[in-house]
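Enquirer: Structure file start.txt (compact mmCIF, N, CA and C atoms) right here:
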```txt
# COMPACT_ATOMS: atom_id res chain seq x y z
N MET Q 1 9.75 12.79 -2.78
CA MET Q 1 8.71 13.35 -3.62
C MET Q 1 7.35 13.25 -2.91
N PHE Q 2 7.11 12.15 -2.23
CA PHE Q 2 5.85 11.96 -1.50
C PHE Q 2 5.64 13.10 -0.50
N ASP Q 3 6.67 13.36 0.32
CA ASP Q 3 6.57 14.43 1.32
C ASP Q 3 6.42 15.80 0.65
N ALA Q 4 7.13 16.03 -0.44
CA ALA Q 4 7.06 17.31 -1.13
C ALA Q 4 5.64 17.56 -1.66
N GLN Q 5 5.03 16.52 -2.21
CA GLN Q 5 3.66 16.69 -2.72
C GLN Q 5 2.68 16.95 -1.57
N LEU Q 6 2.84 16.22 -0.48
CA LEU Q 6 1.97 16.46 0.68
C LEU Q 6 2.17 17.86 1.24
N ASP Q 7 3.43 18.27 1.37
CA ASP Q 7 3.70 19.60 1.90
C ASP Q 7 3.15 20.70 0.99
N ALA Q 8 3.12 20.48 -0.30
CA ALA Q 8 2.52 21.45 -1.22
C ALA Q 8 1.02 21.58 -0.92
N VAL Q 9 0.37 20.46 -0.66
CA VAL Q 9 -1.06 20.50 -0.31
C VAL Q 9 -1.24 21.17 1.05
N TYR Q 10 -0.41 20.80 2.03
CA TYR Q 10 -0.51 21.42 3.36
C TYR Q 10 -0.30 22.93 3.27
N HIS Q 11 0.67 23.35 2.48
CA HIS Q 11 0.96 24.79 2.31
C HIS Q 11 -0.25 25.51 1.72
N ALA Q 12 -0.85 24.92 0.70
CA ALA Q 12 -2.02 25.53 0.07
C ALA Q 12 -3.18 25.61 1.06
N LEU Q 13 -3.39 24.54 1.82
CA LEU Q 13 -4.46 24.56 2.82
C LEU Q 13 -4.20 25.60 3.90
N ASP Q 14 -2.94 25.69 4.35
CA ASP Q 14 -2.57 26.70 5.35
C ASP Q 14 -2.86 28.11 4.83
N ALA Q 15 -2.52 28.35 3.57
CA ALA Q 15 -2.72 29.67 2.98
C ALA Q 15 -4.20 30.05 2.90
N LEU Q 16 -5.05 29.03 2.82
CA LEU Q 16 -6.50 29.27 2.75
C LEU Q 16 -7.16 29.24 4.13
N GLY Q 17 -6.34 29.03 5.17
CA GLY Q 17 -6.88 29.04 6.52
C GLY Q 17 -7.37 27.69 7.01
N TYR Q 18 -7.03 26.62 6.32
CA TYR Q 18 -7.46 25.28 6.70
C TYR Q 18 -6.28 24.46 7.25
N ASP Q 19 -5.52 25.05 8.16
CA ASP Q 19 -4.32 24.40 8.66
C ASP Q 19 -4.61 23.21 9.58
N ASP Q 20 -5.84 23.03 10.00
CA ASP Q 20 -6.18 21.90 10.87
C ASP Q 20 -6.84 20.76 10.11
N LEU Q 21 -6.93 20.88 8.81
CA LEU Q 21 -7.57 19.86 7.98
C LEU Q 21 -6.64 18.68 7.77
N GLU Q 22 -7.14 17.46 8.00
CA GLU Q 22 -6.33 16.26 7.78
C GLU Q 22 -6.36 15.90 6.29
N VAL Q 23 -5.22 15.52 5.76
CA VAL Q 23 -5.12 15.09 4.37
C VAL Q 23 -4.94 13.58 4.38
N ILE Q 24 -5.75 12.90 3.57
CA ILE Q 24 -5.66 11.44 3.43
C ILE Q 24 -5.21 11.15 2.00
N VAL Q 25 -4.14 10.38 1.87
CA VAL Q 25 -3.66 9.98 0.55
C VAL Q 25 -4.46 8.76 0.14
N SER Q 26 -5.37 8.96 -0.80
CA SER Q 26 -6.31 7.90 -1.14
C SER Q 26 -5.77 6.89 -2.15
N GLU Q 27 -4.66 7.21 -2.79
CA GLU Q 27 -4.12 6.27 -3.77
C GLU Q 27 -2.68 6.64 -4.10
N THR Q 28 -1.77 5.71 -3.85
CA THR Q 28 -0.38 5.89 -4.26
C THR Q 28 0.22 4.51 -4.51
N GLY Q 29 1.12 4.44 -5.43
CA GLY Q 29 1.74 3.16 -5.75
C GLY Q 29 2.69 3.30 -6.93
N TRP Q 30 3.22 2.15 -7.35
CA TRP Q 30 4.16 2.14 -8.47
C TRP Q 30 3.98 0.83 -9.22
N PRO Q 31 3.89 0.87 -10.55
CA PRO Q 31 3.71 -0.36 -11.31
C PRO Q 31 5.00 -1.21 -11.36
N SER Q 32 4.82 -2.52 -11.31
CA SER Q 32 5.96 -3.44 -11.33
C SER Q 32 6.29 -3.94 -12.73
N ALA Q 33 5.49 -3.58 -13.71
CA ALA Q 33 5.75 -3.97 -15.10
C ALA Q 33 5.03 -2.97 -16.00
N GLY Q 34 5.55 -2.84 -17.22
CA GLY Q 34 4.94 -1.91 -18.16
C GLY Q 34 5.34 -2.24 -19.59
N ASP Q 35 4.80 -1.47 -20.50
CA ASP Q 35 5.13 -1.62 -21.92
C ASP Q 35 6.54 -1.09 -22.17
N SER Q 36 7.03 -1.25 -23.38
CA SER Q 36 8.40 -0.83 -23.70
C SER Q 36 8.60 0.67 -23.54
N ASP Q 37 7.53 1.46 -23.63
CA ASP Q 37 7.66 2.91 -23.46
C ASP Q 37 7.42 3.36 -22.01
N GLU Q 38 7.33 2.40 -21.09
CA GLU Q 38 7.13 2.70 -19.66
C GLU Q 38 8.35 2.19 -18.89
N ALA Q 39 9.49 2.83 -19.14
CA ALA Q 39 10.78 2.36 -18.63
C ALA Q 39 10.84 2.29 -17.10
N GLY Q 40 10.13 3.15 -16.41
CA GLY Q 40 10.20 3.17 -14.94
C GLY Q 40 9.35 2.11 -14.27
N ALA Q 41 8.51 1.43 -15.05
CA ALA Q 41 7.61 0.42 -14.48
C ALA Q 41 8.35 -0.91 -14.36
N THR Q 42 9.11 -1.05 -13.26
CA THR Q 42 9.89 -2.27 -13.03
C THR Q 42 9.64 -2.77 -11.62
N ILE Q 43 9.93 -4.03 -11.41
CA ILE Q 43 9.80 -4.62 -10.07
C ILE Q 43 10.72 -3.88 -9.10
N GLU Q 44 11.93 -3.57 -9.53
CA GLU Q 44 12.89 -2.88 -8.65
C GLU Q 44 12.36 -1.52 -8.19
N ASN Q 45 11.80 -0.75 -9.13
CA ASN Q 45 11.27 0.56 -8.77
C ASN Q 45 10.03 0.46 -7.89
N ALA Q 46 9.14 -0.48 -8.21
CA ALA Q 46 7.93 -0.67 -7.40
C ALA Q 46 8.31 -1.11 -5.99
N GLN Q 47 9.26 -2.04 -5.89
CA GLN Q 47 9.71 -2.51 -4.58
C GLN Q 47 10.33 -1.38 -3.77
N ALA Q 48 11.17 -0.59 -4.41
CA ALA Q 48 11.81 0.53 -3.71
C ALA Q 48 10.76 1.55 -3.24
N TYR Q 49 9.84 1.91 -4.13
CA TYR Q 49 8.83 2.90 -3.78
C TYR Q 49 7.95 2.42 -2.63
N ASN Q 50 7.35 1.25 -2.79
CA ASN Q 50 6.41 0.78 -1.78
C ASN Q 50 7.08 0.39 -0.47
N SER Q 51 8.25 -0.20 -0.52
CA SER Q 51 8.96 -0.53 0.72
C SER Q 51 9.34 0.73 1.49
N ASN Q 52 9.87 1.72 0.79
CA ASN Q 52 10.23 2.98 1.43
C ASN Q 52 9.00 3.72 1.94
N LEU Q 53 7.92 3.68 1.17
CA LEU Q 53 6.68 4.32 1.59
C LEU Q 53 6.16 3.70 2.89
N ILE Q 54 6.11 2.37 2.93
CA ILE Q 54 5.62 1.68 4.13
C ILE Q 54 6.48 2.02 5.34
N GLN Q 55 7.79 1.97 5.18
CA GLN Q 55 8.68 2.32 6.30
C GLN Q 55 8.47 3.76 6.75
N HIS Q 56 8.32 4.66 5.81
CA HIS Q 56 8.11 6.07 6.13
C HIS Q 56 6.80 6.26 6.89
N LEU Q 57 5.74 5.63 6.43
CA LEU Q 57 4.44 5.81 7.06
C LEU Q 57 4.38 5.19 8.44
N VAL Q 58 4.94 4.02 8.59
CA VAL Q 58 4.93 3.34 9.89
C VAL Q 58 5.74 4.13 10.92
N SER Q 59 6.74 4.87 10.48
CA SER Q 59 7.58 5.63 11.40
C SER Q 59 6.86 6.84 12.00
N ASN Q 60 5.75 7.27 11.37
CA ASN Q 60 5.02 8.46 11.80
C ASN Q 60 5.91 9.71 11.88
N ARG Q 61 6.90 9.78 11.00
CA ARG Q 61 7.78 10.96 10.96
C ARG Q 61 7.06 12.18 10.41
N GLY Q 62 6.01 11.95 9.63
CA GLY Q 62 5.31 13.07 9.00
C GLY Q 62 6.12 13.66 7.87
N THR Q 63 5.90 14.93 7.60
CA THR Q 63 6.61 15.64 6.54
C THR Q 63 7.36 16.82 7.16
N PRO Q 64 8.23 17.47 6.41
CA PRO Q 64 8.92 18.64 6.97
C PRO Q 64 7.95 19.72 7.49
N LEU Q 65 6.84 19.94 6.78
CA LEU Q 65 5.87 20.95 7.22
C LEU Q 65 5.02 20.48 8.40
N ARG Q 66 4.76 19.19 8.47
CA ARG Q 66 3.96 18.63 9.57
C ARG Q 66 4.69 17.40 10.14
N PRO Q 67 5.73 17.65 10.91
CA PRO Q 67 6.51 16.53 11.47
C PRO Q 67 5.72 15.75 12.53
N ASN Q 68 6.15 14.52 12.73
CA ASN Q 68 5.58 13.64 13.76
C ASN Q 68 4.07 13.48 13.62
N GLN Q 69 3.61 13.45 12.41
CA GLN Q 69 2.18 13.32 12.15
C GLN Q 69 1.91 12.05 11.36
N HIS Q 70 0.89 11.31 11.77
CA HIS Q 70 0.46 10.12 11.03
C HIS Q 70 -0.16 10.56 9.70
N ILE Q 71 0.22 9.87 8.64
CA ILE Q 71 -0.33 10.17 7.31
C ILE Q 71 -1.14 8.96 6.87
N GLU Q 72 -2.46 9.09 6.90
CA GLU Q 72 -3.30 7.97 6.46
C GLU Q 72 -3.15 7.83 4.95
N THR Q 73 -2.71 6.64 4.52
CA THR Q 73 -2.36 6.43 3.12
C THR Q 73 -2.83 5.06 2.66
N TYR Q 74 -3.32 4.99 1.44
CA TYR Q 74 -3.80 3.74 0.85
C TYR Q 74 -2.97 3.42 -0.38
N ILE Q 75 -2.37 2.23 -0.37
CA ILE Q 75 -1.55 1.81 -1.51
C ILE Q 75 -2.45 1.28 -2.61
N PHE Q 76 -2.16 1.72 -3.82
CA PHE Q 76 -2.83 1.20 -5.00
C PHE Q 76 -1.85 0.24 -5.67
N ALA Q 77 -2.13 -0.95 -5.73
CA ALA Q 77 -3.34 -1.70 -5.37
C ALA Q 77 -2.90 -2.95 -4.61
N LEU Q 78 -3.85 -3.62 -4.02
CA LEU Q 78 -3.52 -4.84 -3.31
C LEU Q 78 -3.14 -5.94 -4.30
N PHE Q 79 -3.92 -6.06 -5.39
CA PHE Q 79 -3.67 -7.12 -6.37
C PHE Q 79 -3.46 -6.55 -7.76
N ASN Q 80 -2.61 -7.21 -8.55
CA ASN Q 80 -2.51 -6.92 -9.98
C ASN Q 80 -3.85 -7.26 -10.61
N GLU Q 81 -4.24 -6.50 -11.61
CA GLU Q 81 -5.52 -6.71 -12.29
C GLU Q 81 -5.25 -7.20 -13.70
N ASP Q 82 -5.06 -8.50 -13.85
CA ASP Q 82 -4.63 -9.05 -15.13
C ASP Q 82 -5.65 -8.90 -16.25
N LEU Q 83 -6.90 -8.60 -15.94
CA LEU Q 83 -7.92 -8.43 -16.98
C LEU Q 83 -8.23 -6.97 -17.28
N LYS Q 84 -7.56 -6.05 -16.63
CA LYS Q 84 -7.81 -4.61 -16.81
C LYS Q 84 -7.29 -4.17 -18.17
N PRO Q 85 -8.08 -3.40 -18.92
CA PRO Q 85 -7.61 -2.92 -20.23
C PRO Q 85 -6.62 -1.78 -20.07
N GLY Q 86 -5.97 -1.45 -21.17
CA GLY Q 86 -5.03 -0.32 -21.17
C GLY Q 86 -3.60 -0.78 -21.16
N PRO Q 87 -2.68 0.16 -20.86
CA PRO Q 87 -1.26 -0.17 -20.85
C PRO Q 87 -0.94 -1.25 -19.82
N THR Q 88 0.13 -1.95 -20.04
CA THR Q 88 0.56 -3.03 -19.14
C THR Q 88 0.73 -2.53 -17.71
N SER Q 89 1.22 -1.31 -17.56
CA SER Q 89 1.43 -0.78 -16.21
C SER Q 89 0.13 -0.74 -15.41
N GLU Q 90 -0.99 -0.46 -16.06
CA GLU Q 90 -2.28 -0.37 -15.36
C GLU Q 90 -2.68 -1.71 -14.73
N ARG Q 91 -2.18 -2.80 -15.24
CA ARG Q 91 -2.50 -4.13 -14.70
C ARG Q 91 -1.50 -4.59 -13.64
N ASN Q 92 -0.48 -3.78 -13.37
CA ASN Q 92 0.62 -4.24 -12.53
C ASN Q 92 0.98 -3.31 -11.38
N TYR Q 93 -0.01 -2.75 -10.71
CA TYR Q 93 0.23 -1.92 -9.53
C TYR Q 93 0.14 -2.73 -8.24
N GLY Q 94 -0.32 -3.95 -8.32
CA GLY Q 94 -0.58 -4.73 -7.12
C GLY Q 94 0.65 -5.19 -6.36
N LEU Q 95 0.45 -5.37 -5.06
CA LEU Q 95 1.48 -5.97 -4.21
C LEU Q 95 1.48 -7.49 -4.38
N PHE Q 96 0.33 -8.02 -4.82
CA PHE Q 96 0.16 -9.46 -4.99
C PHE Q 96 -0.33 -9.77 -6.39
N HIS Q 97 0.02 -10.97 -6.87
CA HIS Q 97 -0.54 -11.48 -8.12
C HIS Q 97 -1.99 -11.90 -7.83
N PRO Q 98 -2.81 -12.08 -8.87
CA PRO Q 98 -4.19 -12.52 -8.63
C PRO Q 98 -4.29 -13.84 -7.86
N ASP Q 99 -3.25 -14.69 -7.93
CA ASP Q 99 -3.29 -15.96 -7.19
C ASP Q 99 -2.89 -15.81 -5.72
N GLY Q 100 -2.59 -14.59 -5.29
CA GLY Q 100 -2.27 -14.33 -3.89
C GLY Q 100 -0.79 -14.34 -3.55
N THR Q 101 0.08 -14.69 -4.50
CA THR Q 101 1.51 -14.67 -4.23
C THR Q 101 2.04 -13.24 -4.37
N ARG Q 102 3.08 -12.93 -3.62
CA ARG Q 102 3.66 -11.59 -3.67
C ARG Q 102 4.33 -11.33 -5.03
N VAL Q 103 4.18 -10.11 -5.50
CA VAL Q 103 4.88 -9.70 -6.73
C VAL Q 103 6.35 -9.48 -6.38
N TYR Q 104 6.61 -8.91 -5.20
CA TYR Q 104 7.95 -8.63 -4.71
C TYR Q 104 7.86 -8.45 -3.21
N ASN Q 105 8.99 -8.43 -2.55
CA ASN Q 105 9.02 -8.20 -1.11
C ASN Q 105 8.85 -6.71 -0.86
N PHE Q 106 7.79 -6.33 -0.15
CA PHE Q 106 7.53 -4.91 0.09
C PHE Q 106 7.71 -4.52 1.55
N GLY Q 107 8.39 -5.35 2.32
CA GLY Q 107 8.76 -4.94 3.67
C GLY Q 107 7.96 -5.56 4.79
N LEU Q 108 7.00 -6.41 4.49
CA LEU Q 108 6.27 -7.12 5.55
C LEU Q 108 6.63 -8.59 5.48
N ASP Q 109 7.08 -9.13 6.58
CA ASP Q 109 7.41 -10.54 6.64
C ASP Q 109 7.03 -11.09 8.00
N ALA Q 110 7.49 -12.26 8.34
CA ALA Q 110 7.12 -12.89 9.60
C ALA Q 110 7.58 -12.08 10.81
N ASN Q 111 8.55 -11.21 10.64
CA ASN Q 111 9.02 -10.38 11.76
C ASN Q 111 8.22 -9.10 11.91
N SER Q 112 7.31 -8.83 10.96
CA SER Q 112 6.49 -7.64 11.10
C SER Q 112 5.08 -8.06 11.51
N GLN Q 113 4.07 -7.56 10.87
CA GLN Q 113 2.72 -7.76 11.36
C GLN Q 113 1.93 -8.86 10.66
N LEU Q 114 2.46 -9.47 9.63
CA LEU Q 114 1.72 -10.48 8.91
C LEU Q 114 2.39 -11.83 9.10
N LEU Q 115 1.69 -12.75 9.70
CA LEU Q 115 2.24 -14.07 9.97
C LEU Q 115 1.42 -15.11 9.23
N PHE Q 116 2.07 -16.17 8.79
CA PHE Q 116 1.37 -17.26 8.13
C PHE Q 116 1.62 -18.55 8.89
N SER Q 117 0.57 -19.34 9.04
CA SER Q 117 0.72 -20.65 9.67
C SER Q 117 1.24 -21.63 8.63
N ALA Q 118 1.47 -22.86 9.05
CA ALA Q 118 1.97 -23.88 8.12
C ALA Q 118 0.98 -24.13 7.00
N ALA Q 119 -0.29 -23.91 7.24
CA ALA Q 119 -1.32 -24.11 6.23
C ALA Q 119 -1.54 -22.86 5.37
N SER Q 120 -0.68 -21.88 5.53
CA SER Q 120 -0.75 -20.62 4.78
C SER Q 120 -2.04 -19.85 5.01
N LYS Q 121 -2.57 -19.92 6.21
CA LYS Q 121 -3.73 -19.12 6.56
C LYS Q 121 -3.23 -17.88 7.27
N PRO Q 122 -3.60 -16.69 6.79
CA PRO Q 122 -3.06 -15.49 7.43
C PRO Q 122 -3.69 -15.22 8.79
N TYR Q 123 -2.85 -14.89 9.75
CA TYR Q 123 -3.29 -14.42 11.05
C TYR Q 123 -2.92 -12.94 11.09
N ILE Q 124 -3.90 -12.14 11.31
CA ILE Q 124 -3.72 -10.71 11.17
C ILE Q 124 -3.57 -10.04 12.53
N PHE Q 125 -2.56 -9.24 12.66
CA PHE Q 125 -2.37 -8.42 13.85
C PHE Q 125 -2.48 -6.97 13.40
N LEU Q 126 -3.63 -6.38 13.66
CA LEU Q 126 -3.92 -5.06 13.13
C LEU Q 126 -3.33 -3.97 14.02
N GLU Q 127 -2.00 -3.90 14.02
CA GLU Q 127 -1.31 -2.89 14.80
C GLU Q 127 -0.44 -2.02 13.93
N VAL Q 128 -0.80 -1.89 12.67
CA VAL Q 128 -0.04 -1.08 11.74
C VAL Q 128 -0.94 0.03 11.23
N CYS Q 129 -0.40 0.92 10.44
CA CYS Q 129 -1.19 2.05 9.99
C CYS Q 129 -2.38 1.61 9.14
N THR Q 130 -3.32 2.49 8.95
CA THR Q 130 -4.63 2.17 8.41
C THR Q 130 -4.57 1.48 7.05
N PHE Q 131 -3.73 1.92 6.15
CA PHE Q 131 -3.73 1.30 4.83
C PHE Q 131 -3.31 -0.16 4.91
N LEU Q 132 -2.42 -0.50 5.83
CA LEU Q 132 -2.04 -1.89 5.99
C LEU Q 132 -3.17 -2.69 6.62
N LYS Q 133 -3.93 -2.09 7.50
CA LYS Q 133 -5.08 -2.77 8.08
C LYS Q 133 -6.05 -3.20 6.99
N ILE Q 134 -6.31 -2.31 6.06
CA ILE Q 134 -7.22 -2.62 4.96
C ILE Q 134 -6.66 -3.78 4.13
N CYS Q 135 -5.38 -3.71 3.76
CA CYS Q 135 -4.75 -4.76 2.96
C CYS Q 135 -4.81 -6.10 3.67
N LEU Q 136 -4.49 -6.11 4.94
CA LEU Q 136 -4.46 -7.36 5.70
C LEU Q 136 -5.86 -7.92 5.89
N LEU Q 137 -6.83 -7.06 6.09
CA LEU Q 137 -8.20 -7.50 6.23
C LEU Q 137 -8.69 -8.14 4.93
N CYS Q 138 -8.31 -7.55 3.80
CA CYS Q 138 -8.66 -8.15 2.50
C CYS Q 138 -8.05 -9.53 2.36
N LEU Q 139 -6.80 -9.70 2.78
CA LEU Q 139 -6.16 -11.01 2.73
C LEU Q 139 -6.90 -12.02 3.61
N PHE Q 140 -7.31 -11.58 4.78
CA PHE Q 140 -8.03 -12.45 5.69
C PHE Q 140 -9.32 -12.95 5.04
N PHE Q 141 -10.09 -12.02 4.44
CA PHE Q 141 -11.34 -12.41 3.82
C PHE Q 141 -11.12 -13.30 2.60
N MET Q 142 -10.04 -13.05 1.86
CA MET Q 142 -9.72 -13.94 0.73
C MET Q 142 -9.44 -15.35 1.22
N ALA Q 143 -8.66 -15.47 2.28
CA ALA Q 143 -8.33 -16.78 2.83
C ALA Q 143 -9.58 -17.45 3.36
N PHE Q 144 -10.42 -16.71 4.06
CA PHE Q 144 -11.65 -17.24 4.60
C PHE Q 144 -12.54 -17.76 3.47
N GLU Q 145 -12.69 -16.94 2.42
CA GLU Q 145 -13.49 -17.35 1.26
C GLU Q 145 -12.91 -18.60 0.62
N TRP Q 146 -11.60 -18.66 0.49
CA TRP Q 146 -10.94 -19.81 -0.12
C TRP Q 146 -11.19 -21.07 0.69
N ILE Q 147 -11.11 -20.96 2.00
CA ILE Q 147 -11.32 -22.12 2.88
C ILE Q 147 -12.77 -22.56 2.84
N VAL Q 148 -13.71 -21.64 2.91
CA VAL Q 148 -15.14 -21.96 2.97
C VAL Q 148 -15.64 -22.49 1.64
N LEU Q 149 -15.21 -21.88 0.54
CA LEU Q 149 -15.73 -22.26 -0.77
C LEU Q 149 -15.02 -23.45 -1.39
N ARG Q 150 -13.99 -23.88 -0.77
CA ARG Q 150 -13.20 -24.98 -1.33
C ARG Q 150 -13.75 -26.31 -1.02
```
Please, can you express the file's structure as structure tokens?

Expert:
Amino acid sequence: MFDAQLDAVYHALDALGYDDLEVIVSETGWPSAGDSDEAGATIENAQAYNSNLIQHLVSNRGTPLRPNQHIETYIFALFNEDLKPGPTSERNYGLFHPDGTRVYNFGLDANSQLLFSAASKPYIFLEVCTFLKICLLCLFFMAFEWIVLR
């Protein structure tokens, strides 16, 4: 579905003569919890969506219309927002709980680009696509703030 939506945008841009315009996905994600009428908002669905998305983006496969192309994408959101008003799903898009623990495994571990020392201080290796750089940088600043303000 992600590729189909992007290709629809690419097709429309091509039809208008803007075939060289880069498209940036500014927000995509899946809620890990929801109200009783939000059946798709589950940890399993969020994990599947975000894990598959990350693998797809890191592969630089692109889409059928624009193969082998990097797709700059930002996952919504880094953290669950437990004080946000509205449906339960709106508070549960994060990859992490407000306390910094993972909501679920989304495909980054010690064998990928995020490593943790014994003291749980993140060491960041910014060799992944842009949206992951932003997420990892936020984690770094959170850890730095926690260490300095503690």

Enquirer: Write out as a PyMOL selection string the residues lying within 6 Å of Asp35 in chain Q, counting only N, CA and C atoms and excluding same-chain residues fewer than 3 positions away.

Expert: chain Q and resi 38-39+87-89

Enquirer: Report, in Å to a single decimal, how far apart atom C of Gly17 in chain Q and atom C of Pro67 in chain Q are.

Expert: 18.6 Å

Enquirer: What is the distance between CA of Ile71 in chain Q and atom N of Glu27 in chain Q, in Å to one decimal?

Expert: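 These atoms are spaced 11.4 Å apart.
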
Enquirer: Could you tell me how far atom C of Gly29 in chain Q sits from CA of Tyr10 in chain Q, in Å to one decimal place?

Expert: 21.1 Å

Enquirer: Compare Q:Leu57, Q:Pro31, Q:Ala4, Q:Val103 by their minimum atom-to-atom distance to Asn45 in chain Q, counting only C-alpha atoms, and give me the closest one.

Expert: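 Of the candidates, the smallest distance to Asn45 in chain Q is held by Q:Pro31.
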